[in-house]
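Notes follow once the structure below has been shown.
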Protein chains: 2
Amino acid sequence: MTRTLAALLALSLTVPAAATPPPLTLEQQAEDALANDTNAYAFVEGLTTEVGPRQAGTEAEARGRAWAAAWLKAKGFAKVADEPFMMDTWVPGDIARARVTAPFAQDLAVLPLGNSAATPVGGIEAEVVFFRTVDDLRAAPEGSLKGKIAYISHQMRPAQDGSHYGFAGPARWVGAGIAASKGAIATVIKSIGTDHHRNPHTGGTSFPEGVTPTPAGALSLPDAENLERMFARANGRPITLKLELNPRRIGQMQSGNVVGEITGRDPSLPPVLLACHIDSWWNAPGAFDDGAGCAIIAAAALKVKQAGQPLRTVRVLMAGAEEVGLFGSAAYSKAHIDEPIAVGLESDFGADRIWRFESNFRETNPDLHKRLAAAVARFGVSSGTDAATGGADLNIVRDQKGALIDLQQDGTRYFDLHHTPDDTLDKIDPAQLRQNVAVWTMVTGILANEANPILTGGVVPSAPKIMGSN
Amino acid sequence: MTRTLAALLALSLTVPAAATPPPLTLEQQAEDALANDTNAYAFVEGLTTEVGPRQAGTEAEARGRAWAAAWLKAKGFAKVADEPFMMDTWVPGDIARARVTAPFAQDLAVLPLGNSAATPVGGIEAEVVFFRTVDDLRAAPEGSLKGKIAYISHQMRPAQDGSHYGFAGPARWVGAGIAASKGAIATVIKSIGTDHHRNPHTGGTSFPEGVTPTPAGALSLPDAENLERMFARANGRPITLKLELNPRRIGQMQSGNVVGEITGRDPSLPPVLLACHIDSWWNAPGAFDDGAGCAIIAAAALKVKQAGQPLRTVRVLMAGAEEVGLFGSAAYSKAHIDEPIAVGLESDFGADRIWRFESNFRETNPDLHKRLAAAVARFGVSSGTDAATGGADLNIVRDQKGALIDLQQDGTRYFDLHHTPDDTLDKIDPAQLRQNVAVWTMVTGILANEANPILTGGVVPSAPKIMGSN
């Protein structure tokens, strides 16, 4: 029997503390998480199996929040609550059809983008105008798309740091609005993704003030490539597309932020805030985005607790309504802005290994930055020099101009799964998931036992660096 | 300039034959196909782009046949025709929904199996009974499924030779019929496939004489695994499923077999028959299954012709209605049974490389077998000792007790794509596709220039060894 196993067995017995050996140190707990953690996988397995997709503002998200709150309570988190807020709610409907009608008749796999308008019942049919990039669309003359359907392509390639999302994402984020402003009656885009499966990637789009929203959909990559081959083969003949989508806005609906904590020895000290989001798009079970993130932060908080009650409270924030507009992040900041946060971290980039650590206090608190960097190096995590900007659900920390840490995950395959039906449990590599828990355990434990203020000056960003996973 | 390139350029000029260098030998043509063939890729690109899915008996299949016939004519094939036949036709409808209603509400991705009945409008809802394998279902008592929905799992793992299809396939081929005979009102199966994407694998099922067909669907593998996890988490609570499918039979419809030939120097000799099928399931663009097969045989026939007019005619058969019951194969045999075939080969296992050559005349015509084996070894093809049984569309050869060759493709990833929407052009590796054309060029060229009878005794099978790709 190894010393670690003996210690673990001892911990599981409900005998007086005096009879048990001392708890594992933080380092030992992190090593144990790397080898043995089951909490994170159990969380994401349970959430995806018992709830599945969790579109913000719907009963499915409410079930997801209730499931998460029950899990936190069962695991011994304190002050577990589902803090409600109201939000303007968009739902996708149940009709999503696209068919090229000429010159080559063929159905294309399509899904609406968040905030898409509906087509008339029965659909709309119009000529498609091809744009290689959103910049090409920007260059199109005003009015030139009148009565047409814009198609926007891009050349997205996988990147470990997710930087490709910044290059390709605008086609989704703003493409439909630009096309509408030039007269287009609808827009379809090549999915912002890197896989080749017939499952379109949804995600939010937005229309500028004064521009009436139009129907906007994403084609799967194989379908988008097929459409582009049709342009190549059409020899100038017009390509016509029939599109039918029936999303709608259903007004103000309730969402909520699930919170809980490992209470610190000195609850008067500002807490460490660990964030994720509990909602997902309606089409995605949300294993990677972001069931895994919630699983990682909750499992790490439990490991920190097992190393002994921390000095500071460790609070988890499983935000609602991230995907549709960061409503949970805004609501949490509004409700708690007067409660200072010591430092914020978010896990929202899948379940693959962490490869880089960054903070926004490398220059102003170099001692702590170096201690953290040294502590995670053993798990294969290098230390970067950019300033951390925090995840989407950390508005409160940015609003407080507080301390932020980014534990960057390998995003190479993240955009194979992002916002698609393929974001399922089987995509999670349990070993990489455990590495996340190990790194989070080390970092959270050090921060929660730091007596001094964590941010001691420096510039705090007002928004995440990457549009993030929403 | 290399000698090969010079020769190719020379071939492309329309100058008198006397002024051109001699054509490339068969070996040189095969080597050239390996490096440079564009016909095969162009065929499958065109078919999937300009037509797409080609469900047997529908207008889409008719467009596919017309497309293929036009392509063959344009490339100089002789006697191109679309030989019609009538067939009892099943179509999938446009509603395919499955939702677990208790204890964990969640939609599951489902598609109907070929020959599935429809549910009532609005669907049916019933308790699901779990069967680990079709053998477990067989062991269930008569009447024990009355009013229930049967779910059948399996443990399919990839295999290079496709043998896993034989292990797992019965869950689809006969599972619904067995369940119906025991009282089940519907059946859902774990897709017969090896991928983890949310695209169910369809395919034919059959109901025994006297058993009324029931609704029968396939869940994608992630959905099937999710359902199985629900059983593990339900602690004995019943799992109820709501299923809605609306396929229907539309009576006798027309399909057809597309044929064409490279006419031999002695048309009185029995021809070499190269087969594939042009139809696909409605949900699959049919790049791997079997656009690639038709592309390979057509491209190889063209390369054989470029090496000089062969002694025997090389006939291509692009059969209709293979997927739904080998109707094209039966119709071709019936129409042409009195016209002896020298030898038959089929390409219908995707687009990955050929790794094994087998014939059914290894013992009775060892000289020819050895010459063929030696000729393809250069392309990484080994020689097997099993007797070839031919592909699904070679009924005529089996009915004539004729000579057969199997050029076996690597099937490791075939069942990732088989009968799914993901069977798209991007899955084709052009280099492996060209290796197929090279091997087919060598084998077809040798056979088409063989003066002696090819089968000189031996046992001829009455059916393909593997249920094949249908």
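Going by the structure tokens order, chains are called A, B, ..., each with residues numbered from 1, while ligands are numbered from 1 in the order shown.
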Check: Do you know which residues are at most 10 Å from region 259-267 of chain B counting only C-alpha atoms, after dropping those on the same chain fewer than 3 positions away, and could you put them as a PyMOL selection string?
Finding: chain B and resi 65+68-69+72-73+76-83+256+270-275+298+301-302+304-305+308-319+332+448-449+451
Next item on the list: Hey, list the chain B side of the contact with chain A: 9 Å cut-off, only C-alpha atoms, answer as a VMD selection string.
Entry: chain B and resid 45 to 46 48 to 53 60 103 to 107 196 to 199 222 to 223 225 to 227 229 to 230 233 421 to 427
Writer output for current selection, N, CA and C atoms, as a CSV table (one decimal), in the first residue's frame:
```csv
chain,number,residue,atom,x,y,z
B,45,GLU,N,-15.8,14.2,-57.3
B,45,GLU,CA,-16.1,15.6,-57.0
B,45,GLU,C,-17.4,16.1,-57.7
B,46,GLY,N,-17.4,15.7,-59.0
B,46,GLY,CA,-18.6,16.2,-59.8
B,46,GLY,C,-19.9,15.5,-59.3
B,48,THR,N,-20.7,14.3,-56.3
B,48,THR,CA,-21.1,14.8,-55.0
B,48,THR,C,-21.5,16.3,-55.0
B,49,THR,N,-20.9,17.0,-55.9
B,49,THR,CA,-21.2,18.5,-56.0
B,49,THR,C,-22.4,18.7,-56.8
B,50,GLU,N,-22.5,18.1,-57.9
B,50,GLU,CA,-23.6,18.4,-58.8
B,50,GLU,C,-24.9,17.6,-58.5
B,51,VAL,N,-24.8,16.5,-57.8
B,51,VAL,CA,-25.9,15.7,-57.5
B,51,VAL,C,-26.1,15.5,-56.0
B,52,GLY,N,-25.1,15.0,-55.3
B,52,GLY,CA,-25.2,14.7,-53.9
B,52,GLY,C,-25.9,13.4,-53.6
B,53,PRO,N,-26.7,13.3,-52.5
B,53,PRO,CA,-27.3,12.0,-52.2
B,53,PRO,C,-28.2,11.5,-53.3
B,60,ALA,N,-33.5,11.9,-57.4
B,60,ALA,CA,-32.1,12.2,-57.1
B,60,ALA,C,-31.2,11.1,-57.7
B,103,PRO,N,-36.1,9.2,-17.1
B,103,PRO,CA,-36.1,10.2,-16.1
B,103,PRO,C,-35.2,11.4,-16.5
B,104,PHE,N,-34.5,11.4,-17.6
B,104,PHE,CA,-33.6,12.5,-18.0
B,104,PHE,C,-34.1,13.0,-19.3
B,105,ALA,N,-34.8,14.1,-19.4
B,105,ALA,CA,-35.3,14.6,-20.7
B,105,ALA,C,-34.1,15.0,-21.6
B,106,GLN,N,-34.1,14.5,-22.8
B,106,GLN,CA,-33.0,14.9,-23.7
B,106,GLN,C,-33.3,14.4,-25.1
B,107,ASP,N,-33.1,15.2,-26.1
B,107,ASP,CA,-33.3,14.7,-27.5
B,107,ASP,C,-32.1,13.8,-27.9
B,196,HIS,N,-17.6,8.9,-33.6
B,196,HIS,CA,-18.4,9.5,-32.5
B,196,HIS,C,-18.8,10.9,-33.0
B,197,HIS,N,-19.7,10.9,-34.0
B,197,HIS,CA,-20.3,12.1,-34.4
B,197,HIS,C,-21.8,11.9,-34.3
B,198,ARG,N,-22.5,13.1,-34.3
B,198,ARG,CA,-24.0,13.0,-34.0
B,198,ARG,C,-24.8,12.8,-35.3
B,199,ASN,N,-24.2,11.9,-36.1
B,199,ASN,CA,-24.9,11.6,-37.4
B,199,ASN,C,-25.2,10.1,-37.4
B,222,PRO,N,-22.7,8.6,-30.1
B,222,PRO,CA,-22.7,9.4,-28.8
B,222,PRO,C,-24.1,9.4,-28.2
B,223,ASP,N,-25.2,9.4,-29.0
B,223,ASP,CA,-26.5,9.3,-28.4
B,223,ASP,C,-26.8,7.9,-27.8
B,225,GLU,N,-24.6,5.9,-26.6
B,225,GLU,CA,-23.8,5.8,-25.3
B,225,GLU,C,-24.4,6.6,-24.2
B,226,ASN,N,-25.0,7.7,-24.6
B,226,ASN,CA,-25.7,8.6,-23.6
B,226,ASN,C,-26.9,7.8,-23.1
B,227,LEU,N,-27.7,7.2,-24.0
B,227,LEU,CA,-28.8,6.4,-23.5
B,227,LEU,C,-28.3,5.2,-22.5
B,229,ARG,N,-25.7,5.3,-20.7
B,229,ARG,CA,-25.3,5.9,-19.4
B,229,ARG,C,-26.6,6.2,-18.6
B,230,MET,N,-27.7,6.6,-19.3
B,230,MET,CA,-28.9,6.9,-18.6
B,230,MET,C,-29.4,5.6,-17.9
B,233,ARG,N,-27.5,5.2,-14.7
B,233,ARG,CA,-27.9,6.3,-13.7
B,233,ARG,C,-29.3,6.2,-13.3
B,421,PRO,N,-24.4,11.3,-43.2
B,421,PRO,CA,-24.2,12.6,-43.9
B,421,PRO,C,-22.7,12.9,-44.0
B,422,ASP,N,-21.8,12.3,-43.2
B,422,ASP,CA,-20.4,12.7,-43.2
B,422,ASP,C,-19.7,12.0,-44.4
B,423,ASP,N,-20.4,11.2,-45.2
B,423,ASP,CA,-19.7,10.6,-46.4
B,423,ASP,C,-19.6,11.6,-47.5
B,424,THR,N,-18.7,12.5,-47.3
B,424,THR,CA,-18.5,13.7,-48.2
B,424,THR,C,-17.1,13.7,-48.8
B,425,LEU,N,-17.0,14.5,-49.9
B,425,LEU,CA,-15.8,14.5,-50.7
B,425,LEU,C,-14.5,14.7,-49.9
B,426,ASP,N,-14.6,15.6,-48.8
B,426,ASP,CA,-13.4,15.9,-48.1
B,426,ASP,C,-12.8,14.7,-47.4
B,427,LYS,N,-13.5,13.6,-47.3
B,427,LYS,CA,-13.0,12.4,-46.6
B,427,LYS,C,-12.0,11.6,-47.5
```
Next item on the list: Using backbone DSSP assignments, extract all strand (DSSP E or B) residues from region 157-255 of chain A; output them as a list in words.
Entry: Ala186, Thr187, Val188, Ile189, Lys190, Gly204, Ala216, Gly217, Ala218, Leu219, Thr240, Leu241, Lys242, Leu243, Glu244, Leu245, Arg248, Arg249, Ile250, Gly251, Gln252, Met253, Gln254 and Ser255 of chain A
Just the selected residues (C-alpha atoms), exported as an mmCIF file, in the first residue's frame, please.
```cif
data_model
loop_
_atom_site.group_PDB
_atom_site.id
_atom_site.type_symbol
_atom_site.label_atom_id
_atom_site.label_comp_id
_atom_site.auth_asym_id
_atom_site.auth_seq_id
_atom_site.Cartn_x
_atom_site.Cartn_y
_atom_site.Cartn_z
ATOM 1 C CA ALA A 186 -30.361 36.640 -45.456
ATOM 2 C CA THR A 187 -26.831 35.475 -44.737
ATOM 3 C CA VAL A 188 -25.252 32.047 -44.532
ATOM 4 C CA ILE A 189 -21.674 31.566 -43.405
ATOM 5 C CA LYS A 190 -19.164 28.762 -43.455
ATOM 6 C CA GLY A 204 -24.116 34.485 -31.644
ATOM 7 C CA ALA A 216 -28.653 34.138 -40.554
ATOM 8 C CA GLY A 217 -27.389 30.585 -40.605
ATOM 9 C CA ALA A 218 -24.211 28.544 -40.544
ATOM 10 C CA LEU A 219 -23.463 25.745 -42.997
ATOM 11 C CA THR A 240 -30.045 29.982 -55.881
ATOM 12 C CA LEU A 241 -30.666 28.913 -52.314
ATOM 13 C CA LYS A 242 -33.892 28.241 -50.482
ATOM 14 C CA LEU A 243 -33.563 28.917 -46.767
ATOM 15 C CA GLU A 244 -36.079 28.289 -43.997
ATOM 16 C CA LEU A 245 -35.396 29.128 -40.345
ATOM 17 C CA ARG A 248 -37.830 33.754 -32.424
ATOM 18 C CA ARG A 249 -37.471 36.053 -29.441
ATOM 19 C CA ILE A 250 -39.631 35.112 -26.486
ATOM 20 C CA GLY A 251 -39.059 38.157 -24.282
ATOM 21 C CA GLN A 252 -37.670 38.378 -20.781
ATOM 22 C CA MET A 253 -36.997 34.940 -19.310
ATOM 23 C CA GLN A 254 -35.226 33.874 -16.141
ATOM 24 C CA SER A 255 -31.689 32.579 -16.081
#
```
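Excluding Trp440 (chain A) and any residue on its chain fewer than 4 positions from it, the residues at most 7 Å away by only C-alpha atoms are Ile297, Ala300, Asn436 and Thr444 of chain A.
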Note to self: Env of Gly210 (chain B): 12 Å cut, atoms = only C-alpha atoms, seq-sep filter 4 positions within chain, self excluded. Answer as a list in words.
What the structure shows: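 In the requested format, the answer is Gly177, Ile178, Ala180, Ser181 and Ser206 of chain B.
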Saved selection, atoms kept: N, CA and C atoms, as a JSON list (two decimals), in the first residue's frame:
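part23.json, written as the output of this step:
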```
[["chain", "number", "residue", "atom", "x", "y", "z"],
["B", 177, "GLY", "N", -36.69, -6.82, -36.73],
["B", 177, "GLY", "CA", -37.62, -7.92, -37.01],
["B", 177, "GLY", "C", -37.76, -8.86, -35.82],
["B", 178, "ILE", "N", -36.65, -9.16, -35.17],
["B", 178, "ILE", "CA", -36.70, -10.04, -33.99],
["B", 178, "ILE", "C", -37.50, -9.36, -32.88],
["B", 180, "ALA", "N", -39.75, -7.02, -33.16],
["B", 180, "ALA", "CA", -41.17, -6.95, -33.53],
["B", 180, "ALA", "C", -41.85, -8.29, -33.30],
["B", 181, "SER", "N", -41.14, -9.37, -33.59],
["B", 181, "SER", "CA", -41.74, -10.70, -33.42],
["B", 181, "SER", "C", -41.99, -11.03, -31.96],
["B", 206, "SER", "N", -34.62, -5.70, -42.22],
["B", 206, "SER", "CA", -35.67, -6.50, -42.86],
["B", 206, "SER", "C", -36.50, -7.19, -41.80]]
```
Check: Per DSSP on the backbone, what are the alpha helix (DSSP H) residues of region 47-267 of chain A, as an NGL selection string?
Finding: :A and (47-50 or 59-74 or 134-138 or 163-168 or 170-173 or 175-181 or 221-233)
Check: Pick from B:Gln306, B:Asp429, B:Cys276, B:Ala438: nearest to Gly391 (chain B), with only C-alpha atoms counted?
Finding: B:Cys276
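If only C-alpha atoms are the atoms counted, then among B:Gly236, B:Pro464, B:Gly162, B:Pro453 the closest residue to Glu346 (chain B) is B:Pro464.
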Next item on the list: Mind giving me the straight-line distance from CA of Val100 (chain B) to CA of Ile152 (chain B) in Å, one decimal?
Entry: 15.7 Å
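Across the model, the gap from CA of Phe207 (chain B) to CA of Val174 (chain B) is 6.9 Å.
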Note to self: I'd like to know which of B:Ile428, B:Cys294, B:Leu345, B:Leu407 is closest to Asn395 (chain B), using only C-alpha atoms.
What the structure shows: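 Of B:Ile428, B:Cys294, B:Leu345, B:Leu407, the one nearest Asn395 (chain B), counting only C-alpha atoms, is B:Leu345.
Among A:Gly64, A:Pro430, A:Gly57, A:Gly411, the residue with the shortest atom-to-atom distance to Ala159 (chain A), counting only C-alpha atoms, is A:Gly411.
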Margin query: Quick one: residues within 10 Å of Gln155 (chain A), only C-alpha atoms, excluding same-chain residues fewer than 4 positions away - as a list in words?
Written below: Arg132, Thr133, His164, Phe167, Ala168, Lys190, Ile192, Gly193 and Thr194 of chain A
Check: When distances are computed from only C-alpha atoms, which of A:Val258, A:Met87, A:Ile185, A:Ile396 shows the smallest separation from Ala335 (chain A)?
Finding: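 Selected residue with least distance to Ala335 (chain A): A:Ile396.
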Margin query: Please determine, counting only C-alpha atoms, which residue among A:Gly114, A:Gly402, A:Gly445, A:Gly123 has the shortest atom-to-atom distance to Val343 (chain A).
Written below: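 Going through A:Gly114, A:Gly402, A:Gly445, A:Gly123 one by one, the smallest distance to Val343 (chain A) is for A:Gly402.
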